[in-house]
$ cat model.pdb   # PDB, C-alpha atoms and all ligand atoms
ATOM      1  CA  MET A   1     113.173 138.380 -20.295  1.00  0.00           C
ATOM      2  CA  ARG A   2     110.817 135.432 -20.456  1.00  0.00           C
ATOM      3  CA  VAL A   3     109.091 136.513 -17.257  1.00  0.00           C
ATOM      4  CA  ALA A   4     108.652 140.037 -18.613  1.00  0.00           C
ATOM      5  CA  LEU A   5     107.112 138.630 -21.784  1.00  0.00           C
ATOM      6  CA  MET A   6     104.709 136.465 -19.809  1.00  0.00           C
ATOM      7  CA  ILE A   7     103.669 139.463 -17.716  1.00  0.00           C
ATOM      8  CA  LEU A   8     103.123 141.499 -20.850  1.00  0.00           C
ATOM      9  CA  LEU A   9     101.093 138.689 -22.399  1.00  0.00           C
ATOM     10  CA  GLY A  10      99.026 138.460 -19.227  1.00  0.00           C
ATOM     11  CA  LEU A  11      98.315 142.176 -19.361  1.00  0.00           C
ATOM     12  CA  VAL A  12      97.265 142.060 -22.994  1.00  0.00           C
ATOM     13  CA  ILE A  13      94.955 139.098 -22.383  1.00  0.00           C
ATOM     14  CA  GLY A  14      93.538 140.906 -19.353  1.00  0.00           C
ATOM     15  CA  ILE A  15      92.823 144.046 -21.337  1.00  0.00           C
ATOM     16  CA  ILE A  16      91.194 142.150 -24.189  1.00  0.00           C
ATOM     17  CA  GLY A  17      89.122 140.140 -21.693  1.00  0.00           C
ATOM     18  CA  THR A  18      87.975 143.253 -19.857  1.00  0.00           C
ATOM     19  CA  ALA A  19      87.032 144.995 -23.087  1.00  0.00           C
ATOM     20  CA  ASN A  20      84.988 141.950 -24.120  1.00  0.00           C
ATOM     21  CA  VAL A  21      83.191 141.737 -20.807  1.00  0.00           C
ATOM     22  CA  MET A  22      82.429 145.463 -20.851  1.00  0.00           C
ATOM     23  CA  SER A  23      81.014 145.362 -24.359  1.00  0.00           C
ATOM     24  CA  THR A  24      78.942 142.277 -23.523  1.00  0.00           C
ATOM     25  CA  LEU A  25      77.525 144.041 -20.475  1.00  0.00           C
ATOM     26  CA  ALA A  26      76.745 147.127 -22.519  1.00  0.00           C
ATOM     27  CA  ALA A  27      75.093 145.049 -25.248  1.00  0.00           C
ATOM     28  CA  ARG A  28      72.960 143.238 -22.701  1.00  0.00           C
ATOM     29  CA  ASN A  29      71.194 146.403 -21.634  1.00  0.00           C
ATOM     30  CA  PRO A  30      71.057 149.003 -24.369  1.00  0.00           C
ATOM     31  CA  MET A  31      68.419 151.047 -22.539  1.00  0.00           C
ATOM     32  CA  PRO A  32      70.542 153.513 -20.528  1.00  0.00           C
ATOM     33  CA  LYS A  33      72.358 154.637 -23.672  1.00  0.00           C
ATOM     34  CA  ALA A  34      69.147 154.586 -25.695  1.00  0.00           C
ATOM     35  CA  VAL A  35      67.460 156.864 -23.157  1.00  0.00           C
ATOM     36  CA  MET A  36      70.409 159.271 -23.266  1.00  0.00           C
ATOM     37  CA  ALA A  37      70.613 159.184 -27.060  1.00  0.00           C
ATOM     38  CA  THR A  38      66.897 159.956 -27.333  1.00  0.00           C
ATOM     39  CA  MET A  39      67.099 162.940 -24.986  1.00  0.00           C
ATOM     40  CA  ASN A  40      70.218 164.089 -26.802  1.00  0.00           C
ATOM     41  CA  TYR A  41      68.426 163.927 -30.148  1.00  0.00           C
ATOM     42  CA  HIS A  42      65.664 166.204 -28.884  1.00  0.00           C
ATOM     43  CA  MET A  43      68.046 168.616 -27.143  1.00  0.00           C
ATOM     44  CA  ASP A  44      70.064 168.770 -30.370  1.00  0.00           C
ATOM     45  CA  ALA A  45      66.907 169.565 -32.313  1.00  0.00           C
ATOM     46  CA  LEU A  46      66.239 172.469 -29.942  1.00  0.00           C
ATOM     47  CA  SER A  47      69.806 173.756 -30.313  1.00  0.00           C
ATOM     48  CA  GLN A  48      69.490 173.525 -34.096  1.00  0.00           C
ATOM     49  CA  ALA A  49      66.216 175.455 -33.920  1.00  0.00           C
ATOM     50  CA  LEU A  50      68.006 178.165 -31.958  1.00  0.00           C
ATOM     51  CA  LYS A  51      70.897 178.291 -34.414  1.00  0.00           C
ATOM     52  CA  SER A  52      68.622 178.594 -37.398  1.00  0.00           C
ATOM     53  CA  LYS A  53      66.303 180.973 -35.486  1.00  0.00           C
ATOM     54  CA  GLN A  54      63.278 178.755 -36.079  1.00  0.00           C
ATOM     55  CA  CYS A  55      61.748 179.013 -32.647  1.00  0.00           C
ATOM     56  CA  ALA A  56      58.118 178.108 -33.300  1.00  0.00           C
ATOM     57  CA  ALA A  57      56.269 177.163 -30.111  1.00  0.00           C
ATOM     58  CA  ILE A  58      54.832 173.940 -31.522  1.00  0.00           C
ATOM     59  CA  GLY A  59      58.182 172.357 -32.409  1.00  0.00           C
ATOM     60  CA  ILE A  60      59.716 173.435 -29.116  1.00  0.00           C
ATOM     61  CA  GLN A  61      56.876 171.908 -27.166  1.00  0.00           C
ATOM     62  CA  HIS A  62      57.176 168.614 -29.003  1.00  0.00           C
ATOM     63  CA  HIS A  63      60.883 168.245 -28.275  1.00  0.00           C
ATOM     64  CA  LEU A  64      60.564 169.300 -24.643  1.00  0.00           C
ATOM     65  CA  GLU A  65      57.742 166.817 -24.129  1.00  0.00           C
ATOM     66  CA  ARG A  66      59.895 164.055 -25.601  1.00  0.00           C
ATOM     67  CA  VAL A  67      62.730 164.921 -23.223  1.00  0.00           C
ATOM     68  CA  GLN A  68      60.236 165.027 -20.359  1.00  0.00           C
ATOM     69  CA  SER A  69      58.756 161.607 -21.012  1.00  0.00           C
ATOM     70  CA  THR A  70      62.121 160.016 -21.823  1.00  0.00           C
ATOM     71  CA  ALA A  71      63.633 161.392 -18.614  1.00  0.00           C
ATOM     72  CA  THR A  72      61.156 159.300 -16.622  1.00  0.00           C
ATOM     73  CA  ASP A  73      63.037 156.240 -17.935  1.00  0.00           C
ATOM     74  CA  ILE A  74      66.377 157.291 -16.427  1.00  0.00           C
ATOM     75  CA  ALA A  75      65.873 155.983 -12.896  1.00  0.00           C
ATOM     76  CA  PRO A  76      64.332 152.600 -13.849  1.00  0.00           C
ATOM     77  CA  THR A  77      66.787 151.802 -16.672  1.00  0.00           C
ATOM     78  CA  PHE A  78      70.024 152.892 -14.993  1.00  0.00           C
ATOM     79  CA  GLY A  79      69.103 151.232 -11.720  1.00  0.00           C
ATOM     80  CA  ILE A  80      71.620 153.329  -9.752  1.00  0.00           C
ATOM     81  CA  PRO A  81      70.178 153.479  -6.242  1.00  0.00           C
ATOM     82  CA  ASP A  82      72.346 156.451  -5.088  1.00  0.00           C
ATOM     83  CA  GLN A  83      70.257 159.296  -3.733  1.00  0.00           C
ATOM     84  CA  PRO A  84      72.339 161.961  -5.585  1.00  0.00           C
ATOM     85  CA  PHE A  85      71.693 160.116  -8.864  1.00  0.00           C
ATOM     86  CA  THR A  86      67.957 159.987  -8.254  1.00  0.00           C
ATOM     87  CA  ASP A  87      68.051 163.649  -7.223  1.00  0.00           C
ATOM     88  CA  ALA A  88      69.840 164.546 -10.464  1.00  0.00           C
ATOM     89  CA  ALA A  89      67.166 162.713 -12.462  1.00  0.00           C
ATOM     90  CA  THR A  90      64.478 164.568 -10.514  1.00  0.00           C
ATOM     91  CA  LEU A  91      66.208 167.905 -11.130  1.00  0.00           C
ATOM     92  CA  LEU A  92      66.035 167.197 -14.857  1.00  0.00           C
ATOM     93  CA  GLN A  93      62.308 166.438 -14.560  1.00  0.00           C
ATOM     94  CA  THR A  94      61.755 169.674 -12.667  1.00  0.00           C
ATOM     95  CA  ARG A  95      63.688 171.758 -15.169  1.00  0.00           C
ATOM     96  CA  VAL A  96      61.902 170.267 -18.191  1.00  0.00           C
ATOM     97  CA  THR A  97      58.515 170.709 -16.546  1.00  0.00           C
ATOM     98  CA  GLN A  98      59.329 174.352 -15.780  1.00  0.00           C
ATOM     99  CA  ALA A  99      60.495 174.863 -19.359  1.00  0.00           C
ATOM    100  CA  LEU A 100      57.234 173.399 -20.687  1.00  0.00           C
ATOM    101  CA  GLN A 101      55.164 175.514 -18.319  1.00  0.00           C
ATOM    102  CA  SER A 102      56.887 178.667 -19.536  1.00  0.00           C
ATOM    103  CA  SER A 103      55.738 177.705 -23.095  1.00  0.00           C
ATOM    104  CA  PRO A 104      58.724 179.170 -24.960  1.00  0.00           C
ATOM    105  CA  ALA A 105      57.494 180.756 -28.172  1.00  0.00           C
ATOM    106  CA  ASP A 106      60.512 182.738 -29.314  1.00  0.00           C
ATOM    107  CA  CYS A 107      64.277 182.307 -29.493  1.00  0.00           C
ATOM    108  CA  PRO A 108      65.241 184.109 -26.246  1.00  0.00           C
ATOM    109  CA  ALA A 109      62.712 182.006 -24.312  1.00  0.00           C
ATOM    110  CA  LEU A 110      63.965 178.845 -26.022  1.00  0.00           C
ATOM    111  CA  ALA A 111      67.570 179.766 -25.211  1.00  0.00           C
ATOM    112  CA  ALA A 112      66.650 180.122 -21.527  1.00  0.00           C
ATOM    113  CA  ALA A 113      64.853 176.746 -21.558  1.00  0.00           C
ATOM    114  CA  VAL A 114      67.737 174.942 -23.274  1.00  0.00           C
ATOM    115  CA  LYS A 115      70.212 176.448 -20.835  1.00  0.00           C
ATOM    116  CA  SER A 116      68.190 175.451 -17.789  1.00  0.00           C
ATOM    117  CA  VAL A 117      67.594 171.871 -19.004  1.00  0.00           C
ATOM    118  CA  GLY A 118      71.185 171.545 -20.252  1.00  0.00           C
ATOM    119  CA  GLU A 119      72.495 172.440 -16.807  1.00  0.00           C
ATOM    120  CA  ALA A 120      70.466 169.580 -15.340  1.00  0.00           C
ATOM    121  CA  CYS A 121      72.015 167.145 -17.884  1.00  0.00           C
ATOM    122  CA  LYS A 122      75.465 168.429 -17.053  1.00  0.00           C
ATOM    123  CA  SER A 123      75.097 168.308 -13.281  1.00  0.00           C
ATOM    124  CA  CYS A 124      74.448 164.561 -13.441  1.00  0.00           C
ATOM    125  CA  HIS A 125      77.136 163.898 -16.085  1.00  0.00           C
ATOM    126  CA  ASP A 126      79.751 165.722 -14.010  1.00  0.00           C
ATOM    127  CA  LYS A 127      79.245 163.184 -11.281  1.00  0.00           C
ATOM    128  CA  TYR A 128      78.129 159.947 -12.977  1.00  0.00           C
ATOM    129  CA  ARG A 129      79.185 159.838 -16.579  1.00  0.00           C
TER     130      ARG A 129
HETATM  131  C1  LIG B 201      70.553 161.398 -13.517  1.00  0.00           C
HETATM  132  C2  LIG B 201      71.737 161.404 -14.324  1.00  0.00           C
HETATM  133  C3  LIG B 201      71.725 161.889 -15.758  1.00  0.00           C
HETATM  134  C4  LIG B 201      70.983 162.911 -16.306  1.00  0.00           C
HETATM  135  C5  LIG B 201      69.998 163.845 -15.626  1.00  0.00           C
HETATM  136  C6  LIG B 201      71.351 162.952 -17.708  1.00  0.00           C
HETATM  137  N1  LIG B 201      72.286 161.986 -17.993  1.00  0.00           N
HETATM  138 FE1  LIG B 201      73.123 161.625 -19.808  1.00  0.00          FE
HETATM  139  N2  LIG B 201      74.249 160.130 -19.004  1.00  0.00           N
HETATM  140  C7  LIG B 201      74.224 159.735 -17.685  1.00  0.00           C
HETATM  141  C8  LIG B 201      75.148 158.633 -17.497  1.00  0.00           C
HETATM  142  C9  LIG B 201      75.401 157.896 -16.190  1.00  0.00           C
HETATM  143  C10 LIG B 201      75.739 158.396 -18.758  1.00  0.00           C
HETATM  144  C11 LIG B 201      76.769 157.297 -19.119  1.00  0.00           C
HETATM  145  C12 LIG B 201      75.985 156.117 -19.656  1.00  0.00           C
HETATM  146  C13 LIG B 201      76.851 154.991 -20.155  1.00  0.00           C
HETATM  147  O1  LIG B 201      77.959 155.230 -20.642  1.00  0.00           O
HETATM  148  O2  LIG B 201      76.372 153.838 -20.082  1.00  0.00           O
HETATM  149  C14 LIG B 201      75.153 159.355 -19.668  1.00  0.00           C
HETATM  150  C15 LIG B 201      75.471 159.419 -21.015  1.00  0.00           C
HETATM  151  C16 LIG B 201      74.927 160.317 -21.897  1.00  0.00           C
HETATM  152  C17 LIG B 201      75.252 160.368 -23.314  1.00  0.00           C
HETATM  153  C18 LIG B 201      76.215 159.441 -24.025  1.00  0.00           C
HETATM  154  C19 LIG B 201      75.455 158.182 -24.388  1.00  0.00           C
HETATM  155  C20 LIG B 201      76.330 157.137 -25.037  1.00  0.00           C
HETATM  156  O3  LIG B 201      75.857 156.485 -25.981  1.00  0.00           O
HETATM  157  O4  LIG B 201      77.463 156.929 -24.590  1.00  0.00           O
HETATM  158  C21 LIG B 201      74.516 161.392 -23.859  1.00  0.00           C
HETATM  159  C22 LIG B 201      74.512 161.830 -25.321  1.00  0.00           C
HETATM  160  C23 LIG B 201      73.720 161.969 -22.792  1.00  0.00           C
HETATM  161  N3  LIG B 201      73.997 161.288 -21.615  1.00  0.00           N
HETATM  162  C24 LIG B 201      72.830 163.012 -22.963  1.00  0.00           C
HETATM  163  C25 LIG B 201      72.056 163.555 -21.931  1.00  0.00           C
HETATM  164  C26 LIG B 201      71.157 164.695 -22.090  1.00  0.00           C
HETATM  165  C27 LIG B 201      70.923 165.440 -23.385  1.00  0.00           C
HETATM  166  C28 LIG B 201      70.610 164.918 -20.872  1.00  0.00           C
HETATM  167  C29 LIG B 201      69.610 165.980 -20.471  1.00  0.00           C
HETATM  168  C30 LIG B 201      68.437 166.168 -21.259  1.00  0.00           C
HETATM  169  C31 LIG B 201      71.157 163.929 -19.945  1.00  0.00           C
HETATM  170  N4  LIG B 201      72.028 163.124 -20.634  1.00  0.00           N
HETATM  171  C32 LIG B 201      70.819 163.854 -18.610  1.00  0.00           C
HETATM  172  C33 LIG B 201      73.454 160.282 -16.677  1.00  0.00           C
HETATM  173  C34 LIG B 201      72.554 161.320 -16.821  1.00  0.00           C
END

$ encode --input "model.pdb" --output "structure tokens"
Amino acid sequence: MRVALMILLGLVIGIIGTANVMSTLAARNPMPKAVMATMNYHMDALSQALKSKQCAAIGIQHHLERVQSTATDIAPTFGIPDQPFTDAATLLQTRVTQALQSSPADCPALAAAVKSVGEACKSCHDKYR
């Protein structure tokens, strides 16, 4: 009984310790999450624009440009040297650049751009998130 209790206590202490270490590590470098949150904010804005059918070219361009420039921070802030990770970051760059070049100016064009960029987000998340 006593042994079981000690083991249980050890587990609890271990879990609390791990949680503390993880949150300290996360707090030390807020950039990866900040980069993701920023891109998410702009992708959300584009989805909202679609939902409310407010697909003016100028707003779309602004949000896509913000995703484009923020995406350049992925590789340096995450510091994951895996080739597939870097490739996924590059795919996102490519997709956003293509979306900007197509200059979406109506809702169907915006929908296509959001889909294409969203797929690039997802393909990295499926593997690394
Ligand atoms: C090259 C890989 C990669 C790409 C591309 C990518 N992400 Fe992420 N994303 C990640 C990883 C890894 C995490 C987990 C980060 C963590 O928990 O520290 C993440 C986490 C997130 C989160 C959760 C952040 C949090 O606070 O927990 C959001 C939101 C997000 N990504 C949005 C996006 C959006 C929107 C895009 C596309 C515009 C995108 N991501 C593209 C790798 C990527």

$ resolve_selection --input "model.pdb" --expression "the PyMOL selection byres (((not hetatm)) within 9 of (chain B and resi 201))" --output "MDAnalysis selection string"
chainID A and resid 26 30:44 67:68 70:71 74:75 78 80 84:93 96 117:129

$ atom_distance --input "model.pdb" --atom1 "atom CA of A:Ser69" --atom2 "atom CA of A:Leu46"
15.9 Å

$ resolve_selection --input "model.pdb" --expression "the PyMOL selection byres (((chain A and resi 50) around 12) and not hetatm)" --output "PyMOL selection string"
chain A and resi 43-49+51-57+59-60+104-115

$ write_last_selection --input "model.pdb" --atoms "C-alpha atoms" --output "mmCIF file, in the coordinates of the input"
data_model
loop_
_atom_site.group_PDB
_atom_site.id
_atom_site.type_symbol
_atom_site.label_atom_id
_atom_site.label_comp_id
_atom_site.auth_asym_id
_atom_site.auth_seq_id
_atom_site.Cartn_x
_atom_site.Cartn_y
_atom_site.Cartn_z
ATOM 1 C CA MET A 43 68.046 168.616 -27.143
ATOM 2 C CA ASP A 44 70.064 168.770 -30.370
ATOM 3 C CA ALA A 45 66.907 169.565 -32.313
ATOM 4 C CA LEU A 46 66.239 172.469 -29.942
ATOM 5 C CA SER A 47 69.806 173.756 -30.313
ATOM 6 C CA GLN A 48 69.490 173.525 -34.096
ATOM 7 C CA ALA A 49 66.216 175.455 -33.920
ATOM 8 C CA LYS A 51 70.897 178.291 -34.414
ATOM 9 C CA SER A 52 68.622 178.594 -37.398
ATOM 10 C CA LYS A 53 66.303 180.973 -35.486
ATOM 11 C CA GLN A 54 63.278 178.755 -36.079
ATOM 12 C CA CYS A 55 61.748 179.013 -32.647
ATOM 13 C CA ALA A 56 58.118 178.108 -33.300
ATOM 14 C CA ALA A 57 56.269 177.163 -30.111
ATOM 15 C CA GLY A 59 58.182 172.357 -32.409
ATOM 16 C CA ILE A 60 59.716 173.435 -29.116
ATOM 17 C CA PRO A 104 58.724 179.170 -24.960
ATOM 18 C CA ALA A 105 57.494 180.756 -28.172
ATOM 19 C CA ASP A 106 60.512 182.738 -29.314
ATOM 20 C CA CYS A 107 64.277 182.307 -29.493
ATOM 21 C CA PRO A 108 65.241 184.109 -26.246
ATOM 22 C CA ALA A 109 62.712 182.006 -24.312
ATOM 23 C CA LEU A 110 63.965 178.845 -26.022
ATOM 24 C CA ALA A 111 67.570 179.766 -25.211
ATOM 25 C CA ALA A 112 66.650 180.122 -21.527
ATOM 26 C CA ALA A 113 64.853 176.746 -21.558
ATOM 27 C CA VAL A 114 67.737 174.942 -23.274
ATOM 28 C CA LYS A 115 70.212 176.448 -20.835
#

$ closest_residue --input "model.pdb" --among "A:Thr77, A:Arg28, A:Ile7, A:Leu100" --to "A:His63" --atoms "all atoms listed in the file"
A:Leu100

$ closest_residue --input "model.pdb" --among "A:Ser102, A:Arg95, A:Gly79, A:Leu64" --to "A:Ser116" --atoms "only C-alpha atoms"
A:Arg95

$ atom_distance --input "model.pdb" --atom1 "atom CA of A:Arg2" --atom2 "atom CA of A:Gly14"
18.2 Å

$ atom_distance --input "model.pdb" --atom1 "atom CA of A:Gln101" --atom2 "atom CA of A:Pro76"
25.1 Å

$ build_atoms --input "model.pdb" --residues "stretch 50-65 of chain A" --atoms "N, CA and C atoms" --output "CSV table (one decimal), in the coordinates of the input"
chain,number,residue,atom,x,y,z
A,50,LEU,N,67.5,176.9,-32.4
A,50,LEU,CA,68.0,178.2,-32.0
A,50,LEU,C,69.0,178.7,-33.0
A,51,LYS,N,69.9,177.8,-33.5
A,51,LYS,CA,70.9,178.3,-34.4
A,51,LYS,C,70.3,178.8,-35.7
A,52,SER,N,69.2,178.1,-36.2
A,52,SER,CA,68.6,178.6,-37.4
A,52,SER,C,67.5,179.6,-37.1
A,53,LYS,N,67.3,180.0,-35.9
A,53,LYS,CA,66.3,181.0,-35.5
A,53,LYS,C,64.9,180.6,-35.9
A,54,GLN,N,64.6,179.3,-35.8
A,54,GLN,CA,63.3,178.8,-36.1
A,54,GLN,C,62.6,178.3,-34.8
A,55,CYS,N,62.2,179.3,-34.0
A,55,CYS,CA,61.7,179.0,-32.6
A,55,CYS,C,60.2,179.0,-32.5
A,56,ALA,N,59.6,178.2,-33.4
A,56,ALA,CA,58.1,178.1,-33.3
A,56,ALA,C,57.7,177.3,-32.1
A,57,ALA,N,56.7,177.8,-31.4
A,57,ALA,CA,56.3,177.2,-30.1
A,57,ALA,C,55.9,175.7,-30.3
A,58,ILE,N,55.3,175.3,-31.4
A,58,ILE,CA,54.8,173.9,-31.5
A,58,ILE,C,56.0,172.9,-31.6
A,59,GLY,N,57.0,173.2,-32.3
A,59,GLY,CA,58.2,172.4,-32.4
A,59,GLY,C,58.9,172.3,-31.1
A,60,ILE,N,59.0,173.4,-30.4
A,60,ILE,CA,59.7,173.4,-29.1
A,60,ILE,C,59.0,172.5,-28.1
A,61,GLN,N,57.7,172.7,-28.1
A,61,GLN,CA,56.9,171.9,-27.2
A,61,GLN,C,57.0,170.4,-27.4
A,62,HIS,N,57.0,170.0,-28.7
A,62,HIS,CA,57.2,168.6,-29.0
A,62,HIS,C,58.5,168.1,-28.4
A,63,HIS,N,59.6,168.8,-28.7
A,63,HIS,CA,60.9,168.2,-28.3
A,63,HIS,C,61.0,168.2,-26.7
A,64,LEU,N,60.5,169.3,-26.1
A,64,LEU,CA,60.6,169.3,-24.6
A,64,LEU,C,59.7,168.2,-24.0
A,65,GLU,N,58.6,167.9,-24.6
A,65,GLU,CA,57.7,166.8,-24.1
A,65,GLU,C,58.4,165.5,-24.3
